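Asks: Next comes input.txt, compact mmCIF, C-alpha atoms:
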# COMPACT_ATOMS: atom_id res chain seq x y z
CA MET A 10 21.32 -5.75 20.60
CA THR A 11 18.78 -3.90 22.73
CA ILE A 12 15.25 -3.45 21.37
CA GLN A 13 13.26 -0.60 22.87
CA TYR A 14 9.64 0.43 22.64
CA ILE A 15 9.63 4.15 21.82
CA ARG A 16 6.65 6.50 21.91
CA HIS A 17 5.97 8.66 18.89
CA ALA A 18 7.14 11.91 20.47
CA GLN A 19 10.59 10.43 21.26
CA ILE A 20 11.34 9.07 17.77
CA ASP A 21 14.27 10.73 15.99
CA LYS A 22 12.68 11.09 12.59
CA THR A 23 15.91 12.10 10.85
CA LYS A 24 17.54 8.83 11.92
CA TRP A 25 14.32 6.98 11.24
CA ASP A 26 14.01 8.13 7.63
CA ALA A 27 17.70 7.50 6.97
CA ARG A 28 17.22 3.92 8.21
CA ILE A 29 14.19 3.37 5.97
CA ARG A 30 15.95 4.74 2.89
CA GLY A 31 19.00 2.58 3.60
CA SER A 32 17.13 -0.64 4.33
CA ASP A 33 16.99 -3.74 2.14
CA LEU A 34 13.53 -2.77 0.96
CA PRO A 35 12.90 0.98 1.29
CA LEU A 36 9.15 1.47 1.20
CA PRO A 37 7.31 4.80 1.37
CA TYR A 38 4.73 3.44 3.82
CA ALA A 39 7.42 3.37 6.55
CA MET A 40 8.72 6.93 6.08
CA SER A 41 7.94 9.12 9.09
CA TRP A 42 5.93 11.66 7.11
CA TYR A 43 3.83 8.89 5.52
CA LEU A 44 3.14 7.29 8.89
CA ASP A 45 2.26 10.70 10.36
CA ALA A 46 -0.32 11.24 7.63
CA SER A 47 -1.70 7.69 7.41
CA THR A 48 -2.19 7.35 11.18
CA GLY A 49 -2.95 10.94 12.17
CA MET A 50 0.36 11.08 14.12
CA SER A 51 -0.63 7.97 16.08
CA TRP A 52 2.29 5.58 15.78
CA ASP A 53 5.02 4.31 18.06
CA ALA A 54 8.00 2.08 17.26
CA LEU A 55 10.34 -0.71 18.23
CA ILE A 56 13.95 0.36 17.69
CA GLY A 57 16.96 -1.93 17.71
CA GLY A 58 20.29 -0.40 18.73
CA ASP A 59 20.90 3.13 17.46
CA TYR A 60 18.27 2.86 14.69
CA GLN A 61 20.02 -0.14 13.16
CA TYR A 62 16.62 -1.78 12.88
CA VAL A 63 13.21 -0.17 13.22
CA MET A 64 9.62 -1.38 13.26
CA PRO A 65 6.71 1.08 13.08
CA LEU A 66 3.69 0.36 15.27
CA PRO A 67 0.59 2.22 14.03
CA VAL A 68 -1.75 2.59 16.98
CA THR A 69 -5.52 2.91 16.95
CA GLN A 70 -7.74 3.83 19.89
CA LYS A 71 -11.01 3.41 17.99
CA ILE A 72 -12.22 0.99 20.65
CA PRO A 73 -11.95 2.61 24.10
CA PHE A 74 -9.58 0.92 26.56
CA PHE A 75 -8.40 -1.49 23.84
CA PRO A 76 -5.40 -0.03 21.95
CA GLN A 77 -4.39 -2.01 18.88
CA VAL A 78 -1.58 -2.11 16.34
CA TYR A 79 -3.23 -2.04 12.95
CA GLN A 80 -2.72 -1.61 9.20
CA PRO A 81 -3.22 2.08 8.31
CA ILE A 82 -4.94 3.43 5.25
CA LEU A 83 -3.14 2.83 1.92
CA THR A 84 -0.35 0.90 3.62
CA GLN A 85 0.37 -2.51 2.19
CA GLN A 86 3.61 -3.51 3.94
CA LEU A 87 5.47 -2.52 7.10
CA GLY A 88 7.50 -4.81 9.41
CA VAL A 89 11.16 -4.62 10.48
CA PHE A 90 13.43 -2.40 8.37
CA GLY A 91 17.21 -2.62 8.25
CA GLU A 92 19.92 -4.65 6.55
CA ALA A 93 19.74 -8.45 6.38
CA VAL A 94 16.80 -8.98 8.74
CA ASN A 95 16.96 -12.70 9.54
CA ARG A 96 14.41 -15.04 11.08
CA GLU A 97 15.80 -14.77 14.61
CA LEU A 98 15.82 -10.98 14.54
CA LEU A 99 12.28 -10.76 13.20
CA GLN A 100 11.02 -13.14 15.88
CA LEU A 101 12.84 -11.10 18.52
CA PHE A 102 11.07 -7.93 17.40
CA LEU A 103 7.70 -9.66 17.41
CA GLN A 104 8.37 -10.93 20.93
CA HIS A 105 8.99 -7.32 22.03
CA LEU A 106 5.53 -6.13 21.02
CA PRO A 107 4.25 -4.34 24.13
CA PRO A 108 1.55 -6.23 26.05
CA VAL A 109 -0.44 -2.98 26.33
CA PHE A 110 -1.76 -3.70 22.83
CA GLY A 111 -4.72 -6.04 23.04
CA ARG A 112 -4.38 -7.03 19.40
CA THR A 113 -1.81 -6.65 16.63
CA ALA A 114 -2.75 -7.06 12.95
CA LEU A 115 0.12 -5.83 10.84
CA PRO A 116 1.61 -6.65 7.42
CA LEU A 117 5.32 -7.39 7.27
CA HIS A 118 7.27 -6.61 4.12
CA ALA A 119 8.54 -8.94 1.41
CA GLN A 120 12.16 -8.92 2.65
CA ASN A 121 11.14 -10.04 6.15
CA PRO A 122 11.50 -13.83 6.53
CA ASP A 123 8.38 -15.93 6.11
CA LEU A 124 7.28 -17.20 9.51
CA SER A 125 4.00 -18.73 8.34
CA GLU A 126 5.26 -22.29 8.82
CA THR A 127 6.41 -21.71 12.41
CA LEU A 128 3.83 -19.27 13.80
CA PRO A 129 0.09 -20.03 13.63
CA HIS A 130 -0.88 -16.35 13.50
CA VAL A 131 1.21 -15.52 10.43
CA ARG A 132 -0.04 -16.07 6.90
CA GLN A 133 1.27 -15.23 3.45
CA ARG A 134 -0.32 -12.74 1.10
CA SER A 135 0.43 -12.20 -2.57
CA ASN A 136 1.93 -9.09 -4.11
CA LEU A 137 2.43 -8.88 -7.86
CA VAL A 138 5.38 -7.04 -9.35
CA LEU A 139 6.80 -6.44 -12.82
CA ASP A 140 10.48 -6.06 -13.73
CA LEU A 141 10.98 -2.62 -15.31
CA SER A 142 14.62 -3.20 -16.20
CA LEU A 143 13.49 -5.02 -19.35
CA SER A 144 12.85 -3.07 -22.53
CA TYR A 145 9.24 -2.06 -23.12
CA PRO A 146 8.90 -4.38 -26.17
CA ASP A 147 10.10 -7.28 -24.00
CA ILE A 148 7.65 -6.32 -21.25
CA ARG A 149 4.86 -6.05 -23.80
CA GLN A 150 5.63 -9.56 -25.09
CA GLY A 151 4.75 -10.83 -21.62
CA TYR A 152 1.24 -9.37 -21.81
CA ALA A 153 -1.64 -11.80 -22.17
CA HIS A 154 -3.13 -11.95 -25.67
CA GLY A 155 -6.46 -10.56 -24.51
CA LEU A 156 -4.75 -7.59 -22.86
CA GLN A 157 -2.85 -6.77 -26.04
CA GLN A 158 -6.05 -6.83 -28.06
CA ARG A 159 -7.84 -4.50 -25.64
CA LEU A 160 -4.92 -2.06 -25.66
CA LYS A 161 -5.01 -1.83 -29.46
CA LYS A 162 -8.61 -0.65 -29.28
CA ALA A 163 -8.11 1.60 -26.26
CA LYS A 164 -5.23 3.64 -27.73
CA ASN A 165 -7.51 4.93 -30.50
CA ASN A 166 -10.10 6.32 -28.07
CA LEU A 167 -8.36 7.24 -24.85
CA LYS A 168 -5.74 9.70 -23.64
CA ILE A 169 -3.79 9.91 -20.38
CA GLN A 170 -3.10 13.14 -18.52
CA GLU A 171 -1.11 13.88 -15.37
CA CYS A 172 -3.04 15.83 -12.74
CA ASP A 173 -2.53 17.04 -9.17
CA ASP A 174 -6.03 17.84 -7.90
CA VAL A 175 -6.32 15.78 -4.71
CA ASP A 176 -9.94 16.74 -4.05
CA ALA A 177 -10.93 15.76 -7.60
CA PHE A 178 -9.21 12.41 -7.14
CA VAL A 179 -10.91 11.70 -3.79
CA GLY A 180 -14.25 12.79 -5.22
CA PHE A 181 -13.87 10.58 -8.29
CA CYS A 182 -12.87 7.53 -6.24
CA SER A 183 -15.70 8.09 -3.75
CA ALA A 184 -18.30 8.47 -6.49
CA THR A 185 -16.99 5.59 -8.58
CA LEU A 186 -16.15 3.00 -5.95
CA ARG A 187 -19.04 3.85 -3.59
CA GLU A 188 -19.67 0.87 -1.32
CA LYS A 189 -16.42 -0.75 -2.50
CA LEU A 190 -14.51 2.04 -0.75
CA PRO A 191 -14.52 0.78 2.85
CA TYR A 192 -14.02 4.20 4.43
CA ASN A 193 -16.26 6.24 6.69
CA ARG A 194 -16.19 10.04 6.76
CA LYS A 195 -13.19 10.19 9.10
CA ASP A 196 -11.29 7.68 6.96
CA ARG A 197 -11.87 9.81 3.88
CA GLN A 198 -10.52 12.85 5.67
CA GLN A 199 -7.48 10.76 6.58
CA LEU A 200 -7.18 9.70 2.94
CA ARG A 201 -7.19 13.31 1.79
CA SER A 202 -4.51 14.23 4.34
CA LEU A 203 -2.33 11.35 3.17
CA LEU A 204 -2.70 12.27 -0.50
CA LEU A 205 -1.76 15.86 0.30
CA ALA A 206 1.34 14.61 2.13
CA ILE A 207 2.30 12.44 -0.84
CA LYS A 208 1.92 15.47 -3.10
CA HIS A 209 3.91 17.70 -0.73
CA HIS A 210 6.79 15.22 -0.57
CA LYS A 211 6.69 14.65 -4.34
CA ALA A 212 6.43 10.92 -3.70
CA GLY A 213 3.66 10.12 -6.14
CA ARG A 214 2.08 10.82 -9.51
CA MET A 215 -1.62 11.12 -10.23
CA TYR A 216 -3.13 10.45 -13.65
CA ARG A 217 -6.50 10.48 -15.32
CA VAL A 218 -7.71 8.74 -18.47
CA VAL A 219 -10.13 10.69 -20.65
CA ASP A 220 -12.37 9.66 -23.54
CA PRO A 221 -12.86 11.64 -26.80
CA SER A 222 -15.40 13.89 -25.03
CA ASP A 223 -12.81 14.70 -22.33
CA HIS A 224 -14.80 12.81 -19.70
CA THR A 225 -12.69 11.22 -16.98
CA CYS A 226 -13.18 7.47 -17.13
CA ALA A 227 -10.34 6.33 -14.86
CA MET A 228 -7.90 7.79 -12.35
CA GLY A 229 -4.87 6.35 -10.60
CA LEU A 230 -2.30 7.34 -7.99
CA PHE A 231 1.15 5.79 -8.11
CA LEU A 232 3.84 6.14 -5.45
CA VAL A 233 7.35 6.62 -6.86
CA PHE A 234 9.92 5.76 -4.21
CA GLY A 235 12.99 3.62 -3.63
CA GLY A 236 13.15 2.31 -7.18
CA ARG A 237 9.52 1.19 -7.14
CA VAL A 238 6.42 2.52 -8.84
CA ILE A 239 3.50 1.42 -6.68
CA ASN A 240 -0.14 1.24 -7.72
CA ILE A 241 -1.57 2.73 -4.56
CA MET A 242 -5.14 3.55 -5.59
CA ASN A 243 -7.27 3.61 -8.74
CA ALA A 244 -10.88 3.77 -9.88
CA VAL A 245 -12.75 3.41 -13.17
CA THR A 246 -16.26 4.23 -14.34
CA ASP A 247 -18.52 1.65 -15.96
CA PRO A 248 -18.02 3.18 -19.45
CA GLY A 249 -14.29 3.32 -18.75
CA ARG A 250 -14.27 -0.35 -17.82
CA LYS A 251 -15.86 -1.22 -21.18
CA GLN A 252 -13.19 0.84 -22.93
CA ALA A 253 -10.34 -0.87 -21.03
CA ALA A 254 -9.37 2.43 -19.37
CA LEU A 255 -7.51 0.75 -16.50
CA HIS A 256 -5.61 -1.49 -18.92
CA PHE A 257 -4.67 1.65 -20.84
CA LEU A 258 -3.64 3.48 -17.66
CA PHE A 259 -1.38 0.71 -16.37
CA ASP A 260 0.24 0.15 -19.74
CA ASN A 261 1.07 3.84 -20.05
CA ILE A 262 2.59 3.98 -16.56
CA ILE A 263 4.67 0.89 -17.26
CA ARG A 264 5.86 2.42 -20.54
CA LYS A 265 6.62 5.75 -18.84
CA PHE A 266 8.71 4.33 -16.00
CA GLN A 267 10.41 1.45 -17.85
CA GLY A 268 14.12 1.89 -17.27
CA GLN A 269 13.58 4.66 -14.69
CA ALA A 270 12.52 2.36 -11.85
CA ALA A 271 13.39 -1.24 -11.05
CA VAL A 272 9.93 -2.56 -10.27
CA PHE A 273 6.29 -1.80 -11.01
CA ASP A 274 4.35 -2.88 -7.92
CA PHE A 275 0.72 -3.71 -8.62
CA GLU A 276 0.00 -4.25 -4.90
CA GLY A 277 -1.33 -7.79 -5.07
CA SER A 278 -4.90 -8.73 -4.41
CA GLU A 279 -6.54 -11.79 -2.86
CA ILE A 280 -9.56 -11.14 -5.13
CA PRO A 281 -9.25 -13.64 -8.02
CA GLY A 282 -10.49 -11.25 -10.73
CA VAL A 283 -8.17 -8.44 -9.68
CA ARG A 284 -5.23 -10.81 -9.36
CA ALA A 285 -5.92 -12.19 -12.86
CA PHE A 286 -5.96 -8.63 -14.23
CA PHE A 287 -2.56 -7.88 -12.68
CA GLU A 288 -1.16 -11.20 -13.87
CA SER A 289 -2.22 -10.42 -17.44
CA PHE A 290 0.64 -7.88 -17.53
CA GLY A 291 3.17 -10.67 -16.93
CA SER A 292 3.66 -9.85 -13.25
CA LYS A 293 5.21 -12.27 -10.76
CA ASN A 294 4.34 -12.92 -7.15
CA GLU A 295 6.54 -11.32 -4.47
CA PRO A 296 4.76 -12.58 -1.33
CA TYR A 297 4.78 -10.95 2.07
CA THR A 298 3.39 -12.08 5.42
CA PHE A 299 0.65 -10.75 7.65
CA PHE A 300 1.15 -11.03 11.39
CA GLU A 301 -1.71 -11.27 13.90
CA LYS A 302 -1.58 -11.60 17.66
CA GLY A 303 -4.47 -11.42 20.10
CA ILE A 304 -8.19 -11.41 19.41
CA LEU A 305 -11.00 -9.03 20.17
CA PRO A 306 -13.18 -9.97 23.14
CA GLY A 307 -16.64 -11.11 22.11
CA TRP A 308 -18.40 -7.95 23.26
CA LEU A 309 -15.92 -5.81 21.31
CA ARG A 310 -16.51 -7.82 18.14
CA VAL A 311 -20.24 -7.09 18.48
CA ILE A 312 -19.57 -3.36 18.92
CA ARG A 313 -17.26 -3.25 15.90
CA SER A 314 -19.87 -5.04 13.80
CA LEU A 315 -22.50 -2.49 14.83
CA ARG A 316 -20.17 0.45 14.10
CA ARG A 317 -19.61 -0.79 10.56
CA LYS A 318 -23.35 -0.77 9.94
CA LEU A 319 -23.76 2.87 10.97
CA PRO A 320 -24.40 5.32 8.09
CA ILE A 321 -21.40 7.35 6.90
How does the structure come out when it is put into structure tokens?
Replies:
Amino acid sequence: MTIQYIRHAQIDKTKWDARIRGSDLPLPYAMSWYLDASTGMSWDALIGGDYQYVMPLPVTQKIPFFPQVYQPILTQQLGVFGEAVNRELLQLFLQHLPPVFGRTALPLHAQNPDLSETLPHVRQRSNLVLDLSLSYPDIRQGYAHGLQQRLKKAKNNLKIQECDDVDAFVGFCSATLREKLPYNRKDRQQLRSLLLAIKHHKAGRMYRVVDPSDHTCAMGLFLVFGGRVINIMNAVTDPGRKQAALHFLFDNIIRKFQGQAAVFDFEGSEIPGVRAFFESFGSKNEPYTFFEKGILPGWLRVIRSLRRKLPI
């Protein structure tokens, strides 16, 4: 099978999207419209055969004369998409990464074989998922005792509402997360564009949790695609945290989509506290790998460090 490097303008997006939807693990991050929005139309691809297998290559030119393949905003997993991607095929795709890219730092998806034992620049990351084919009472039995106690208190004080105001969501997350939101002004504009694309393609649901005074104390955006409900972004205020607003939000989404989707995808975290929170819902690890190739020259690492310190 021939593997070709294809520039963005030459990609047949009808064939591309059909391949993603028909792959072993159809993920919204790899749909052409999602990539267009998350990268600002800056992505190329490796294509095997007549779109039998595809691998998106998000490209950044943030550092002049040093193009890189990178992980775009709100994109947890990419990699090679198709049917029955084996170890040899995955390695073949990785070997076809164009040398024009000085560095590649890209997540592969959970159905791509784990190469962490054979390649030094591949490492595993955790992703926590919950089986939604079980009945809600059975799912609830898997909740940690502390979570169940907090939910009993939260249901008497909180309500959940669906909403579709993208600007309100971005504003709430920016104000609530502050320095925890690692985005500069351009990144936030990119975030808004992506959320508008998700809304346009009806690929997500946005919710807010309100207290008895109708104050928003938590908000969350969940992608709904390919049999998965994905926790893509959320934020909570300090009062909301004390009232277990995020616990309440997640429980309500799980209850709502139980039986309608196969999996609730928490999007795993390497942060121990966040991981423990996700695990309290009875979630299990569905690991994926992160591939890196090439390093930044020393002088570029200094420039990137300085850029991060600039005010946004």
Asks: For Gln170 (chain A), which residue out of A:Pro129, A:Gly229, A:Gly213, A:Gly235 is the nearest one, using all atoms listed in the file?
Replies: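 Ranking A:Pro129, A:Gly229, A:Gly213, A:Gly235 by distance to Gln170 (chain A), first place goes to A:Gly229.
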Asks: Give me, please, the distance in Å between CA of Glu126 (chain A) and CA of Arg96 (chain A), quoted to one decimal.
Replies: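 CA of Glu126 (chain A) sits 11.9 Å away from CA of Arg96 (chain A).
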Asks: Leaving out region 15-32 of chain A and any residue of its chain fewer than 4 positions from it, which residues lie within 6 Å of it when counting all atoms listed in the file, given as a list of chain:residue names?
Replies: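 Non-adjacent residues within range: A:Met40, A:Trp52, A:Asp53, A:Ala54, A:Phe90, A:Gly91, A:Glu92.
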Asks: Considering all atoms listed in the file, state which residue in the set A:Leu255, A:Asn240, A:Asp247, A:Lys265 is at the smallest distance from Leu160 (chain A).
Replies: A:Leu255
Asks: Would you mind telling me which residue in A:Ala153, A:Leu98, A:Val68, A:Ile82 lies nearest to Ala285 (chain A) when using all atoms listed in the file?
Replies: A:Ala153
Asks: Let me make sure I understand: among A:Ser289, A:Gln61, A:Asn193, A:Gln13, which one has the smallest atom-to-atom distance to Gly151 (chain A) if we use all atoms listed in the file?
Replies: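 For Gly151 (chain A), the nearest of the candidates is A:Ser289.
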Asks: Might I get the box with edges along x, y and z of the file that holds all atoms of region 273-285 of chain A listed there, padded by 6 Å on every side, given as centre and edge lengths in Å to one decimal, as AutoDock Vina command-line options?
Replies:
--center_x -2.1 --center_y -7.7 --center_z -7.9 --size_x 28.8 --size_y 23.8 --size_z 22.0
Asks: Could you list, as a PyMOL selection string, every residue within 12 Å of Arg197 (chain A), counting only C-alpha atoms and ignoring same-chain residues fewer than 4 positions away?
Replies: chain A and resi 47+82-83+175-176+178-180+182-183+187+190-193+201-204+321
Asks: Please provide as a ChimeraX atom specification all residues within 7 Å of region 55-57 of chain A, with the sequence filter that same-chain residues fewer than 6 positions apart are discarded (counting all atoms listed in the file).
Replies: /A:10-15,63-65
Asks: Quick one: pull the distance between CA of Lys189 (chain A) and CA of Ser278 (chain A), Å, one decimal.
Replies: 14.1 Å
Asks: Provide the CA of Glu171 (chain A) to CA of Thr225 (chain A) distance in Å, to one decimal place.
Replies: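 We find that CA of Glu171 (chain A) and CA of Thr225 (chain A) lie 12.0 Å from each other.
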Asks: Around (-3.9, -13.3, -15.2) in the file's frame, which residues reach within 12 Å when counting all atoms listed in the file? Return as a list in words?
Replies: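 Output: Leu137, Gly151, Tyr152, Ala153, His154, Gly155, Leu156, Gly277, Ser278, Ile280, Pro281, Gly282, Val283, Arg284, Ala285, Phe286, Phe287, Glu288, Ser289, Phe290, Gly291, Ser292, Lys293 and Asn294 of chain A.
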Asks: When you look at region 112-114 of chain A with a cut-off of 12 Å (counting all atoms listed in the file), what residues show up, excluding the ones that are within fewer than 3 positions of it in the same chain? I need them as a count of residues only.
Replies: 37
Asks: Considering only C-alpha atoms, state which residue in the set A:Asn166, A:Gln267, A:Thr185, A:Ser314 is at the smallest distance from Leu143 (chain A).
Replies: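 The shortest atom-to-atom distance to Leu143 (chain A) comes from A:Gln267.
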Asks: Return the single residue from A:Asp59, A:Glu279, A:Glu295, A:Asp274 that is closest to Val233 (chain A), with distances computed using all atoms listed in the file.
Replies: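 Residue with the minimum atom-to-atom distance to Val233 (chain A): A:Asp274.
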